[in-house]
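Accompanying notes for the structure given below.
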Amino acid sequence: MSTLAIRQTVTEVVQKTPVFDIHTHLYDPAFGNLLLWGIDELLVYHYLVAESFRWMDAPYDRFWALTKEQQADAIWEALFLKHSPISEACRGVLTVLNQLGLDVNKRDLPSLRKWFKQWKPEDYVTRICELANVRKIAMTNSPFDDAERPTWDRGFTRDARFVAALRIDPLLVDWPNAAKRLAGWGYKVSEDFSGQTFGEVRRFLADWTKKFDAQYCMVSLPPEFDFPANTATSQLIEHAIMPHGREHGQAFALMIGVKRAVNPQLQLAGDSVGAADVGAVERLCAAFPENKFLCTMLARENQHALCIAARKFRNLHIFGCWWFLNVPGMIEEITRMRLELIGLSVTPQHSDCRVLDQLTYKWAHSRPIIANVLADKYEDLAATGWQPTRSEIERDVHSLLGGAFEDFLAR
Ligand code: FIX
Ligand code: ZN
């Protein structure tokens with residue numbers, strides 16, 4: 001293949017390969033209103049809330065007292081009408097509308113609202129999955145979430161496109177309160193870890209793993225996360241999460257580097273970032289070679305060391321350009337570094353979507369960047385005389401877009 005043919009083939013294959021989106025905040029349609037979609041949800045996405053407050057002088061509370069539609073109006077006005085919507089999150093809204101065949105140039109929010117009202121959620125899921133070319137979506141499912149627990153308790157017919165992930169932040173970052181809740185649900189735990197506490201936490205994890213059919217167990221952690229350490233988090237990981245993971249063959253996903261609520265007035269939009277110690281991840285992987293770890297980190301400064309950790313530990317699979325890193329410049333830099341350091345045994349991207357429609361933009365924006373970096377790498381190979389074939393390219397792209405993740409979980 002000529003270099004032009006390589007680039008065209010890679011671009012086409014990356015577009016055509018269905019994705020397994022391994023971390024989102026989307027829900028199976030059975031969860032009703034928890035599955036967010038449509039223009040108002042797109043506009044009140046917390047990424048845009050944070051950006052819009054930069055242009056607003058009114059007290060925070062006045063914004064929060066508005067209805068969702070009024071909040072969306074205020075954001076539309078501040079970020080789309082009064083200034084050009086060039087940030088990645090703003091551009092995302094326009095990509096969604098454009099992919100749906102709507103004319104963004106009219107800048108006509110009322111008629112956009114009207115268009116969305118004609119859809120039924122089940123049909124819309126299918127339309128969006130087709131447009132985004134997504135084959136599977138990992139949800140974020142928390143037994144501590146009062147909004148979703150009743151649906152699990154009641155039971156429902158699963159939509160095969162949505163798989164569950166067992167999210168346990170309260171257990172690991174707020175043990176005293178989590179212990180009270182577990183005790184309330186009949187698990188014999190004590191805050192000081194005495195008696196059967198660890199066994200009972202394992203029973204809790206096993207019960208919800210079964211109820212969710214959870215593909216992996218996940219936590220987000222602050223930059224201060226350390227292991228081993230004299231903390232409840234470290235104790236619980238060692239004595240409950242690790243044995244649970246081994247017993248159920250379940251990977252443990254760590255998302256490290258989030259500083260929660262640096263500006264609580266911004267609510268969900270108020271979280272920030274801090275550099276963490278990749279050494280803690282290395283020590284976990286070394287201490288528990290029989291466990292599998294998935295990891296993404298929020299700080300740009302951690303990305304290189306995290307790649308090196310993945311070179312050292314085959315029980316570590318790194319993934320995604322998380323949150324503030326999910327912007328074109330960072331995706332390009334991080335993806336290039338990962339492919340150069342660990343080749344194809346990585347999942348370069350997840351969407352982290354909170355609104356169904358965002359699947360179209362997150363993947364439409366990431367795919368060409370991944371394709372471009374990959375094409376550079378194949379061109380380098382071709383320069384040595386090693387010609388990649390189309391089927392090799394298809395195999396590799398399938399790996400990057402979820403296949404390597406599935407293989408890792410199956411190991
Ligand atoms: O902890 C997480 O899973 C984060 O991804 C979210 O909580 C965060 O609010 C987000 O939406 C980032 O994209
Ligand atoms: Zn997330």
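Identifiers for the structure tokens are assigned positionally: chains receive A, B, ... in sequence, residues are indexed from 1 per chain, and ligands are indexed from 1 in the order shown.
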How would you report the residues lying within 8 Å of ligand 2, as a PyMOL selection string, if you count only C-alpha atoms and all ligand atoms?
chain A and resi 23-25+140+322-323+352-353
Can you tell me, as a ChimeraX atom specification, what residues are no more than 12 Å from A:Thr231 when counting only C-alpha atoms, ignoring any on the same chain fewer than 6 positions away?
/A:172-176,192-193,224-225,237-238
Give me, as a Markdown table, the closest atom pair and its distance (Å, one decimal) for every residue of chain A within a cut-off of 9 Å of ligand 1, counting only C-alpha atoms and all ligand atoms, rows sorted by chain and rising number.
| residue | atom | partner | partner_atom_place_in_ligand_line | distance |
| --- | --- | --- | --- | --- |
| A:His23 | CA | ligand 1 | 3 (O) | 7.7 |
| A:Thr24 | CA | ligand 1 | 3 (O) | 7.5 |
| A:His25 | CA | ligand 1 | 11 (O) | 7.2 |
| A:Tyr45 | CA | ligand 1 | 11 (O) | 8.5 |
| A:His46 | CA | ligand 1 | 9 (O) | 7.4 |
| A:Tyr47 | CA | ligand 1 | 11 (O) | 7.9 |
| A:Thr140 | CA | ligand 1 | 3 (O) | 7.5 |
| A:Arg167 | CA | ligand 1 | 3 (O) | 8.8 |
| A:Asp169 | CA | ligand 1 | 1 (O) | 8.6 |
| A:Met218 | CA | ligand 1 | 3 (O) | 8.8 |
| A:Val219 | CA | ligand 1 | 1 (O) | 7.6 |
| A:Ser220 | CA | ligand 1 | 1 (O) | 5.3 |
| A:Leu221 | CA | ligand 1 | 1 (O) | 8.3 |
| A:Met255 | CA | ligand 1 | 1 (O) | 7.2 |
| A:Val258 | CA | ligand 1 | 1 (O) | 7.6 |
| A:Leu268 | CA | ligand 1 | 9 (O) | 6.2 |
| A:Ala269 | CA | ligand 1 | 9 (O) | 7.0 |
| A:Gly270 | CA | ligand 1 | 9 (O) | 8.9 |
| A:Asp271 | CA | ligand 1 | 9 (O) | 7.4 |
| A:Trp322 | CA | ligand 1 | 13 (O) | 6.3 |
| A:Trp323 | CA | ligand 1 | 13 (O) | 4.0 |
| A:Phe324 | CA | ligand 1 | 13 (O) | 7.5 |
| A:Asn326 | CA | ligand 1 | 13 (O) | 8.2 |
| A:Ser351 | CA | ligand 1 | 13 (O) | 7.8 |
| A:Asp352 | CA | ligand 1 | 13 (O) | 4.9 |
| A:Cys353 | CA | ligand 1 | 11 (O) | 6.8 |
| A:Arg354 | CA | ligand 1 | 11 (O) | 6.3 |
Generate the output file for the selected residues, C-alpha atoms, as an mmCIF file, in the first residue's frame.
data_model
loop_
_atom_site.group_PDB
_atom_site.id
_atom_site.type_symbol
_atom_site.label_atom_id
_atom_site.label_comp_id
_atom_site.auth_asym_id
_atom_site.auth_seq_id
_atom_site.Cartn_x
_atom_site.Cartn_y
_atom_site.Cartn_z
ATOM 1 C CA HIS A 23 -16.916 3.785 30.630
ATOM 2 C CA THR A 24 -20.000 5.989 30.414
ATOM 3 C CA HIS A 25 -22.678 7.347 32.725
ATOM 4 C CA TYR A 45 -23.922 19.010 30.583
ATOM 5 C CA HIS A 46 -21.684 19.883 33.532
ATOM 6 C CA TYR A 47 -18.730 20.632 31.221
ATOM 7 C CA THR A 140 -21.701 3.164 35.832
ATOM 8 C CA ARG A 167 -19.091 1.498 41.039
ATOM 9 C CA ASP A 169 -16.762 5.207 45.450
ATOM 10 C CA MET A 218 -14.651 0.696 39.558
ATOM 11 C CA VAL A 219 -13.647 3.574 41.807
ATOM 12 C CA SER A 220 -12.521 7.168 41.296
ATOM 13 C CA LEU A 221 -9.855 8.354 43.701
ATOM 14 C CA MET A 255 -9.692 6.381 37.952
ATOM 15 C CA VAL A 258 -9.974 13.814 40.771
ATOM 16 C CA LEU A 268 -21.398 18.411 39.568
ATOM 17 C CA ALA A 269 -19.234 20.853 37.584
ATOM 18 C CA GLY A 270 -17.096 21.736 40.600
ATOM 19 C CA ASP A 271 -14.485 18.932 40.478
ATOM 20 C CA TRP A 322 -10.517 11.114 30.929
ATOM 21 C CA TRP A 323 -12.622 14.278 31.291
ATOM 22 C CA PHE A 324 -10.259 17.302 31.057
ATOM 23 C CA ASN A 326 -10.789 14.464 26.406
ATOM 24 C CA SER A 351 -16.517 8.513 26.105
ATOM 25 C CA ASP A 352 -17.628 9.190 29.695
ATOM 26 C CA CYS A 353 -20.946 10.298 28.155
ATOM 27 C CA ARG A 354 -23.656 11.469 30.513
#
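The environment of stretch 297-305 of chain A within 8 Å, counting only C-alpha atoms and disregarding residues fewer than 3 places along the same chain, consists of A:Met255, A:Ile256, A:Gly257, A:Val258, A:Val273, A:Gly274, A:Ala275, A:Ala276, A:Asp277, A:Val278, A:Ile308, A:Ala309, A:Cys321, A:Trp322, A:Trp323, A:Phe324, A:Leu325, A:Met330, A:Ile334, A:Met337.
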So which residues of stretch 151-327 of chain A fall under strand (DSSP E) by DSSP, listed as JSON, numbers by chain?
{"A": [162, 163, 164, 165, 166, 167, 214, 215, 216, 217, 218, 219, 220, 221, 251, 252, 253, 254, 255, 256, 258, 259, 272, 273, 293, 294, 295, 296, 297, 316, 317, 318]}
